[in-house]
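Below is one structure, written out as structure tokens; the observations come after it.
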Amino acid sequence: MVLAGVLSGCGGGDTLERFDGPTMGSHYSIQYVRHSAGPAPKTVQVEVESILAEVDRQFSTYRSDSDVERFNALPANSCQVMPGPVLELIRVGEQLSVQSDGAFDLTVEPLLNLWGFGPQSREEKVPTAEALALVRQRVGHGHLRIEGDRLCKDAAVEVDFNSIAAGYAVDRIAARLQALGIDSYLAEATGELKAVGRKPDGSAWRIALEEPRDDRQVAERVIEVNGYGVSTSGDYRHYFEQGGQRYSHTFDARTGAPVLHNLASVTVIHPSALMADGLSTLLLILGPERGWDYAQKQGVGVFFVLRDNDRFVVRTNEAFERMTGGKPQ
């Protein structure tokens, strides 16, 4: 999930503190307004990094000892005791799967690997029909079930939380900052973010939304955010071309293949960074028509960027503009 950056300023008696670091194969950053008796950056950083380390231990698909990868290594008809957050996100994934008629699915990791985008990938290429049919037998949220504190599967499915884990981490960090008495902050992890309050000079947290290009970073628009999570999903970072066709890492679980429409990126603004994260992926999968209809029906604030030959076309809805103080485009 990609955002171009954060535009900031400072002033007044309170101080604007910042720190950042590596996480989940990417990067995180925290900015917060420190009042005179507020916690020092080192104290806050320890709290934030403990949350990120826990999320990585539970959800990473790039370390064999994570809870998720230990489950993924199990054969069909197996169960494993899971921490509460994993079961919580399984339920969120099921909700998004049902709402998208199965297009969104947490069990697409075998497809990602087959097409060259996953943690066990060998090369990026279009698979044969036979290989695709074989892998699709191990894909589908219906193969999962929760029994008490155990996650079970009736097929050799593999779960991938990359579409929602970072948003969940941001919500966890936001809750911890609030518990520490921090009421104005911008928390970001791997591009997912949440902004609450205002900077010391009274100005808003301003977020630059990135134009979906792979050659350089260009701000498509700058928005002001207070009290919301923001997530962008796009097809422009991870893709390959074969036979004149572009294949991205965004998969429709119903077909077992990358989506091929002209919706280049989707930004969602939502009170929950977790839901913004999941919904931006869901809407990108559904595409420019079905995704738009879903957002309108559910009242989800969206910022669509569509490819139109050699240019980009922006489409936003009333919910997005209401939450960012703009006008629909």
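In the structure tokens, chains take the letters A, B, ... in the order shown, each chain's residues start at 1, and ligands count up from 1 in the order shown.
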>> So that I can check the secondary structure, give me every residue of region 76-299 of chain A assigned helix (DSSP H, G or I) by backbone DSSP, as a ChimeraX atom specification.
In response: /A:84-99,109-115,129-136,141-143,165-179,273-298
>> Excluding His270 (chain A) and its own-chain neighbours fewer than 2 positions away, which residues fall within 9 Å of it when counting only C-alpha atoms? Please give them as number ranges by chain.
In response: A: 227-231, 268, 272-276, 300-301, 320, 323
Same residues, all heavy atoms, output as an mmCIF file, in the first residue's frame:
```
data_model
loop_
_atom_site.group_PDB
_atom_site.id
_atom_site.type_symbol
_atom_site.label_atom_id
_atom_site.label_comp_id
_atom_site.auth_asym_id
_atom_site.auth_seq_id
_atom_site.Cartn_x
_atom_site.Cartn_y
_atom_site.Cartn_z
ATOM 1 N N GLY A 227 -8.577 11.953 12.280
ATOM 2 C CA GLY A 227 -9.445 10.928 12.839
ATOM 3 C C GLY A 227 -9.699 9.738 11.931
ATOM 4 O O GLY A 227 -10.580 8.922 12.217
ATOM 5 N N TYR A 228 -8.909 9.618 10.864
ATOM 6 C CA TYR A 228 -9.152 8.545 9.904
ATOM 7 C C TYR A 228 -7.873 7.788 9.557
ATOM 8 O O TYR A 228 -6.767 8.319 9.630
ATOM 9 C CB TYR A 228 -9.750 9.107 8.616
ATOM 10 C CG TYR A 228 -11.102 9.733 8.793
ATOM 11 C CD1 TYR A 228 -11.244 11.121 8.802
ATOM 12 C CD2 TYR A 228 -12.238 8.949 8.962
ATOM 13 C CE1 TYR A 228 -12.486 11.711 8.974
ATOM 14 C CE2 TYR A 228 -13.480 9.532 9.136
ATOM 15 C CZ TYR A 228 -13.600 10.907 9.143
ATOM 16 O OH TYR A 228 -14.839 11.476 9.313
ATOM 17 N N GLY A 229 -8.077 6.531 9.142
ATOM 18 C CA GLY A 229 -7.024 5.765 8.519
ATOM 19 C C GLY A 229 -7.092 5.969 7.017
ATOM 20 O O GLY A 229 -8.169 6.193 6.456
ATOM 21 N N VAL A 230 -5.939 5.892 6.350
ATOM 22 C CA VAL A 230 -5.866 6.074 4.897
ATOM 23 C C VAL A 230 -5.009 4.952 4.318
ATOM 24 O O VAL A 230 -3.924 4.662 4.823
ATOM 25 C CB VAL A 230 -5.255 7.442 4.528
ATOM 26 C CG1 VAL A 230 -5.209 7.607 2.998
ATOM 27 C CG2 VAL A 230 -6.034 8.584 5.160
ATOM 28 N N SER A 231 -5.510 4.326 3.248
ATOM 29 C CA SER A 231 -4.771 3.255 2.598
ATOM 30 C C SER A 231 -4.896 3.379 1.095
ATOM 31 O O SER A 231 -5.971 3.688 0.570
ATOM 32 C CB SER A 231 -5.307 1.888 3.035
ATOM 33 O OG SER A 231 -4.692 0.843 2.288
ATOM 34 N N VAL A 268 -8.584 4.626 0.121
ATOM 35 C CA VAL A 268 -9.761 4.568 0.987
ATOM 36 C C VAL A 268 -9.458 5.335 2.265
ATOM 37 O O VAL A 268 -8.367 5.204 2.833
ATOM 38 C CB VAL A 268 -10.140 3.110 1.326
ATOM 39 C CG1 VAL A 268 -11.206 3.065 2.433
ATOM 40 C CG2 VAL A 268 -10.641 2.387 0.088
ATOM 41 N N SER A 272 -11.176 3.209 10.646
ATOM 42 C CA SER A 272 -10.265 2.116 10.987
ATOM 43 C C SER A 272 -9.214 1.950 9.901
ATOM 44 O O SER A 272 -9.548 1.769 8.731
ATOM 45 C CB SER A 272 -11.049 0.807 11.142
ATOM 46 O OG SER A 272 -10.201 -0.313 11.058
ATOM 47 N N ALA A 273 -7.934 1.998 10.270
ATOM 48 C CA ALA A 273 -6.866 1.754 9.303
ATOM 49 C C ALA A 273 -6.928 0.319 8.790
ATOM 50 O O ALA A 273 -6.604 0.059 7.628
ATOM 51 C CB ALA A 273 -5.509 2.037 9.941
ATOM 52 N N LEU A 274 -7.323 -0.613 9.641
ATOM 53 C CA LEU A 274 -7.493 -2.001 9.223
ATOM 54 C C LEU A 274 -8.501 -2.100 8.084
ATOM 55 O O LEU A 274 -8.233 -2.727 7.054
ATOM 56 C CB LEU A 274 -7.949 -2.845 10.413
ATOM 57 C CG LEU A 274 -8.537 -4.235 10.109
ATOM 58 C CD1 LEU A 274 -7.536 -5.110 9.387
ATOM 59 C CD2 LEU A 274 -9.009 -4.897 11.400
ATOM 60 N N MET A 275 -9.664 -1.480 8.247
ATOM 61 C CA MET A 275 -10.696 -1.562 7.216
ATOM 62 C C MET A 275 -10.293 -0.773 5.973
ATOM 63 O O MET A 275 -10.600 -1.187 4.838
ATOM 64 C CB MET A 275 -12.028 -1.074 7.757
ATOM 65 C CG MET A 275 -12.615 -1.964 8.838
ATOM 66 S SD MET A 275 -12.707 -3.719 8.360
ATOM 67 C CE MET A 275 -13.791 -3.628 6.927
ATOM 68 N N ALA A 276 -9.615 0.361 6.150
ATOM 69 C CA ALA A 276 -9.123 1.090 4.984
ATOM 70 C C ALA A 276 -8.176 0.218 4.172
ATOM 71 O O ALA A 276 -8.242 0.176 2.933
ATOM 72 C CB ALA A 276 -8.416 2.372 5.427
ATOM 73 N N VAL A 300 -18.341 4.137 1.629
ATOM 74 C CA VAL A 300 -16.889 4.137 1.806
ATOM 75 C C VAL A 300 -16.289 5.308 1.029
ATOM 76 O O VAL A 300 -16.578 5.502 -0.158
ATOM 77 C CB VAL A 300 -16.274 2.818 1.293
ATOM 78 C CG1 VAL A 300 -14.752 2.847 1.422
ATOM 79 C CG2 VAL A 300 -16.852 1.634 2.055
ATOM 80 N N GLY A 301 -15.452 6.106 1.692
ATOM 81 C CA GLY A 301 -14.788 7.217 1.035
ATOM 82 C C GLY A 301 -13.664 6.728 0.141
ATOM 83 O O GLY A 301 -12.734 6.080 0.619
ATOM 84 N N PHE A 320 -15.614 10.558 0.497
ATOM 85 C CA PHE A 320 -14.187 10.890 0.561
ATOM 86 C C PHE A 320 -13.992 12.384 0.777
ATOM 87 O O PHE A 320 -13.193 12.807 1.634
ATOM 88 C CB PHE A 320 -13.491 10.438 -0.722
ATOM 89 C CG PHE A 320 -12.003 10.670 -0.728
ATOM 90 C CD1 PHE A 320 -11.136 9.707 -0.244
ATOM 91 C CD2 PHE A 320 -11.468 11.863 -1.207
ATOM 92 C CE1 PHE A 320 -9.760 9.924 -0.236
ATOM 93 C CE2 PHE A 320 -10.108 12.085 -1.202
ATOM 94 C CZ PHE A 320 -9.242 11.118 -0.722
ATOM 95 N N MET A 323 -14.832 13.655 4.254
ATOM 96 C CA MET A 323 -13.847 13.325 5.283
ATOM 97 C C MET A 323 -12.518 14.041 5.082
ATOM 98 O O MET A 323 -11.675 14.060 5.980
ATOM 99 C CB MET A 323 -13.643 11.807 5.325
ATOM 100 C CG MET A 323 -14.826 11.060 5.922
ATOM 101 S SD MET A 323 -14.576 9.263 6.058
ATOM 102 C CE MET A 323 -15.297 8.702 4.517
#
```
>> To one decimal place in Å, what is the distance between CA of Ile30 (chain A) and CA of Arg18 (chain A)?
In response: 5.6 Å
>> Give me, as an NGL selection string, all polymer residues having an atom no more than 7 Å from region 202-204 of chain A, counting only C-alpha atoms and skipping those fewer than 3 positions away in the same chain.
In response: :A and (198-199 or 224-225)
> Among region 169-222 of chain A, which ones does DSSP place in strand (DSSP E), written as a ChimeraX atom specification?
Replying inline: /A:185-189,192-196,205-210,219-222
Can you write just those residues out, N, CA and C atoms, as a PDB file, in the first residue's frame?
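So out36.pdb came out as:
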```pdb
ATOM      1  N   TYR A 185      -1.355  12.839  16.411  1.00  0.00           N
ATOM      2  CA  TYR A 185      -0.283  11.994  15.879  1.00  0.00           C
ATOM      3  C   TYR A 185      -0.582  11.588  14.445  1.00  0.00           C
ATOM      4  N   LEU A 186       0.465  11.173  13.768  1.00  0.00           N
ATOM      5  CA  LEU A 186       0.351  10.514  12.475  1.00  0.00           C
ATOM      6  C   LEU A 186       1.201   9.258  12.549  1.00  0.00           C
ATOM      7  N   ALA A 187       0.548   8.107  12.485  1.00  0.00           N
ATOM      8  CA  ALA A 187       1.237   6.818  12.566  1.00  0.00           C
ATOM      9  C   ALA A 187       1.159   6.127  11.215  1.00  0.00           C
ATOM     10  N   GLU A 188       2.310   5.660  10.722  1.00  0.00           N
ATOM     11  CA  GLU A 188       2.372   5.028   9.401  1.00  0.00           C
ATOM     12  C   GLU A 188       3.210   3.764   9.470  1.00  0.00           C
ATOM     13  N   ALA A 189       2.741   2.704   8.825  1.00  0.00           N
ATOM     14  CA  ALA A 189       3.506   1.462   8.706  1.00  0.00           C
ATOM     15  C   ALA A 189       3.291   0.884   7.317  1.00  0.00           C
ATOM     16  N   GLU A 192       0.459   2.277   5.160  1.00  0.00           N
ATOM     17  CA  GLU A 192      -0.856   2.443   5.800  1.00  0.00           C
ATOM     18  C   GLU A 192      -0.705   3.460   6.928  1.00  0.00           C
ATOM     19  N   LEU A 193      -1.709   4.304   7.118  1.00  0.00           N
ATOM     20  CA  LEU A 193      -1.525   5.337   8.141  1.00  0.00           C
ATOM     21  C   LEU A 193      -2.838   5.737   8.792  1.00  0.00           C
ATOM     22  N   LYS A 194      -2.692   6.418   9.916  1.00  0.00           N
ATOM     23  CA  LYS A 194      -3.822   7.035  10.607  1.00  0.00           C
ATOM     24  C   LYS A 194      -3.351   8.358  11.181  1.00  0.00           C
ATOM     25  N   ALA A 195      -4.176   9.393  11.004  1.00  0.00           N
ATOM     26  CA  ALA A 195      -3.850  10.722  11.512  1.00  0.00           C
ATOM     27  C   ALA A 195      -4.975  11.207  12.413  1.00  0.00           C
ATOM     28  N   VAL A 196      -4.593  11.730  13.572  1.00  0.00           N
ATOM     29  CA  VAL A 196      -5.559  12.224  14.555  1.00  0.00           C
ATOM     30  C   VAL A 196      -5.048  13.549  15.103  1.00  0.00           C
ATOM     31  N   TRP A 205      -2.820  17.511   9.640  1.00  0.00           N
ATOM     32  CA  TRP A 205      -1.914  16.543   9.034  1.00  0.00           C
ATOM     33  C   TRP A 205      -2.280  16.471   7.550  1.00  0.00           C
ATOM     34  N   ARG A 206      -1.311  16.695   6.685  1.00  0.00           N
ATOM     35  CA  ARG A 206      -1.545  16.706   5.242  1.00  0.00           C
ATOM     36  C   ARG A 206      -0.829  15.526   4.592  1.00  0.00           C
ATOM     37  N   ILE A 207      -1.587  14.772   3.811  1.00  0.00           N
ATOM     38  CA  ILE A 207      -1.095  13.547   3.199  1.00  0.00           C
ATOM     39  C   ILE A 207      -1.061  13.705   1.686  1.00  0.00           C
ATOM     40  N   ALA A 208       0.071  13.385   1.083  1.00  0.00           N
ATOM     41  CA  ALA A 208       0.196  13.435  -0.370  1.00  0.00           C
ATOM     42  C   ALA A 208      -0.135  12.071  -0.962  1.00  0.00           C
ATOM     43  N   LEU A 209      -1.167  12.013  -1.800  1.00  0.00           N
ATOM     44  CA  LEU A 209      -1.532  10.774  -2.487  1.00  0.00           C
ATOM     45  C   LEU A 209      -0.728  10.665  -3.779  1.00  0.00           C
ATOM     46  N   GLU A 210      -0.141   9.518  -3.965  1.00  0.00           N
ATOM     47  CA  GLU A 210       0.804   9.340  -5.055  1.00  0.00           C
ATOM     48  C   GLU A 210       0.129   9.014  -6.373  1.00  0.00           C
ATOM     49  N   ALA A 219       2.916  13.689  -6.657  1.00  0.00           N
ATOM     50  CA  ALA A 219       1.713  13.819  -5.833  1.00  0.00           C
ATOM     51  C   ALA A 219       0.505  14.103  -6.722  1.00  0.00           C
ATOM     52  N   GLU A 220      -0.476  13.210  -6.682  1.00  0.00           N
ATOM     53  CA  GLU A 220      -1.726  13.399  -7.423  1.00  0.00           C
ATOM     54  C   GLU A 220      -2.616  14.433  -6.724  1.00  0.00           C
ATOM     55  N   ARG A 221      -2.594  14.372  -5.378  1.00  0.00           N
ATOM     56  CA  ARG A 221      -3.410  15.296  -4.597  1.00  0.00           C
ATOM     57  C   ARG A 221      -2.924  15.288  -3.149  1.00  0.00           C
ATOM     58  N   VAL A 222      -3.112  16.385  -2.456  1.00  0.00           N
ATOM     59  CA  VAL A 222      -2.793  16.486  -1.039  1.00  0.00           C
ATOM     60  C   VAL A 222      -4.099  16.641  -0.272  1.00  0.00           C
TER      61      VAL A 222
END
```
>> Taking only C-alpha atoms into account, name the residue in A:Gln137, A:Asn162, A:Ser248, A:Asn72 that is nearest to Asp56 (chain A).
In response: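 Ranking A:Gln137, A:Asn162, A:Ser248, A:Asn72 by distance to Asp56 (chain A), first place goes to A:Asn162.
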> Using only C-alpha atoms, which residues sit within 12 Å of region 148-159 of chain A once same-chain residues fewer than 4 positions away are excluded, as a PyMOL selection string?
Replying inline: chain A and resi 58-61+66-91+93-94+105-113+118-120+134-144+163-165
Can those selected residues be exported to a file as a PDB file, in the first residue's frame so that it contains C-alpha atoms?
```
ATOM      1  CA  GLN A  58       2.206 -13.501  14.168  1.00  0.00           C
ATOM      2  CA  PHE A  59       1.570 -12.552  10.528  1.00  0.00           C
ATOM      3  CA  SER A  60       4.813 -12.553   8.537  1.00  0.00           C
ATOM      4  CA  THR A  61       4.942 -14.818   5.476  1.00  0.00           C
ATOM      5  CA  SER A  66       5.655 -16.943  12.453  1.00  0.00           C
ATOM      6  CA  ASP A  67       2.266 -18.218  13.573  1.00  0.00           C
ATOM      7  CA  VAL A  68       0.918 -17.888  10.053  1.00  0.00           C
ATOM      8  CA  GLU A  69       3.790 -19.682   8.324  1.00  0.00           C
ATOM      9  CA  ARG A  70       3.702 -22.538  10.819  1.00  0.00           C
ATOM     10  CA  PHE A  71       0.004 -22.912   9.968  1.00  0.00           C
ATOM     11  CA  ASN A  72       0.710 -22.659   6.246  1.00  0.00           C
ATOM     12  CA  ALA A  73       3.201 -25.537   6.494  1.00  0.00           C
ATOM     13  CA  LEU A  74       0.565 -27.891   7.909  1.00  0.00           C
ATOM     14  CA  PRO A  75      -1.165 -30.415   5.624  1.00  0.00           C
ATOM     15  CA  ALA A  76      -4.886 -30.556   4.931  1.00  0.00           C
ATOM     16  CA  ASN A  77      -7.210 -31.485   7.817  1.00  0.00           C
ATOM     17  CA  SER A  78      -4.969 -29.804  10.415  1.00  0.00           C
ATOM     18  CA  CYS A  79      -5.573 -27.353  13.234  1.00  0.00           C
ATOM     19  CA  GLN A  80      -3.293 -24.990  15.141  1.00  0.00           C
ATOM     20  CA  VAL A  81      -3.822 -22.894  18.256  1.00  0.00           C
ATOM     21  CA  MET A  82      -3.603 -19.250  17.197  1.00  0.00           C
ATOM     22  CA  PRO A  83      -3.271 -15.958  19.088  1.00  0.00           C
ATOM     23  CA  GLY A  84      -6.408 -13.871  19.262  1.00  0.00           C
ATOM     24  CA  PRO A  85      -5.310 -11.248  16.699  1.00  0.00           C
ATOM     25  CA  VAL A  86      -4.837 -13.906  14.008  1.00  0.00           C
ATOM     26  CA  LEU A  87      -8.339 -15.255  14.578  1.00  0.00           C
ATOM     27  CA  GLU A  88      -9.683 -11.695  14.622  1.00  0.00           C
ATOM     28  CA  LEU A  89      -8.182 -10.972  11.197  1.00  0.00           C
ATOM     29  CA  ILE A  90      -9.399 -14.318   9.835  1.00  0.00           C
ATOM     30  CA  ARG A  91     -12.912 -13.122  10.677  1.00  0.00           C
ATOM     31  CA  GLY A  93     -11.011 -11.587   5.927  1.00  0.00           C
ATOM     32  CA  GLU A  94     -14.125 -13.733   5.863  1.00  0.00           C
ATOM     33  CA  ASP A 105      -9.540 -13.865  -0.189  1.00  0.00           C
ATOM     34  CA  LEU A 106      -6.808 -14.358   2.404  1.00  0.00           C
ATOM     35  CA  THR A 107      -5.777 -17.738   0.969  1.00  0.00           C
ATOM     36  CA  VAL A 108      -4.265 -16.544  -2.334  1.00  0.00           C
ATOM     37  CA  GLU A 109      -0.640 -17.124  -1.319  1.00  0.00           C
ATOM     38  CA  PRO A 110      -0.284 -20.244  -3.518  1.00  0.00           C
ATOM     39  CA  LEU A 111      -1.482 -18.139  -6.462  1.00  0.00           C
ATOM     40  CA  LEU A 112       1.002 -15.382  -5.615  1.00  0.00           C
ATOM     41  CA  ASN A 113       3.802 -17.940  -5.565  1.00  0.00           C
ATOM     42  CA  GLY A 118       4.800 -14.584  -3.385  1.00  0.00           C
ATOM     43  CA  PRO A 119       7.459 -15.343  -0.767  1.00  0.00           C
ATOM     44  CA  GLN A 120       8.207 -18.729  -2.357  1.00  0.00           C
ATOM     45  CA  LEU A 134      -4.034 -27.505  -9.510  1.00  0.00           C
ATOM     46  CA  VAL A 135      -3.178 -24.539  -7.297  1.00  0.00           C
ATOM     47  CA  ARG A 136      -6.747 -23.235  -7.262  1.00  0.00           C
ATOM     48  CA  GLN A 137      -7.761 -26.385  -5.386  1.00  0.00           C
ATOM     49  CA  ARG A 138      -5.832 -24.920  -2.416  1.00  0.00           C
ATOM     50  CA  VAL A 139      -7.475 -21.486  -2.530  1.00  0.00           C
ATOM     51  CA  GLY A 140     -10.693 -20.401  -0.866  1.00  0.00           C
ATOM     52  CA  HIS A 141     -11.741 -18.962   2.486  1.00  0.00           C
ATOM     53  CA  GLY A 142     -14.294 -21.751   2.794  1.00  0.00           C
ATOM     54  CA  HIS A 143     -11.444 -24.179   3.516  1.00  0.00           C
ATOM     55  CA  LEU A 144     -10.819 -22.404   6.851  1.00  0.00           C
ATOM     56  CA  SER A 163      -3.769  -7.007   2.574  1.00  0.00           C
ATOM     57  CA  ILE A 164      -4.822  -6.178   6.163  1.00  0.00           C
ATOM     58  CA  ALA A 165      -1.979  -6.803   8.657  1.00  0.00           C
TER      59      ALA A 165
END
```
>> Could you check the closest approach to Phe104 (chain A) for each of A:Arg34, A:His261, A:Arg254, A:Lys42 and tell me which residue wins, using only C-alpha atoms?
In response: A:Arg254
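With only C-alpha atoms as the atoms that count, the minimum distance from Ser121 (chain A) to the choices A:Tyr62, A:Asp171, A:Pro39, A:Ser280 is reached by A:Tyr62.
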>> Would you compute the distance between CA of Ser26 (chain A) and CA of Gln45 (chain A)? Give it in Å to one decimal.
In response: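 Answer for the CA of Ser26 (chain A) to CA of Gln45 (chain A) separation: 16.6 Å.
The space between CA of Gly197 (chain A) and CA of Ala175 (chain A) spans 13.7 Å.
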> For Tyr247 (chain A), which residue out of A:Leu306, A:Val92, A:Val313, A:Val126 is the nearest one, using only C-alpha atoms?
Replying inline: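 Under the stated criterion, the closest residue is A:Val126.
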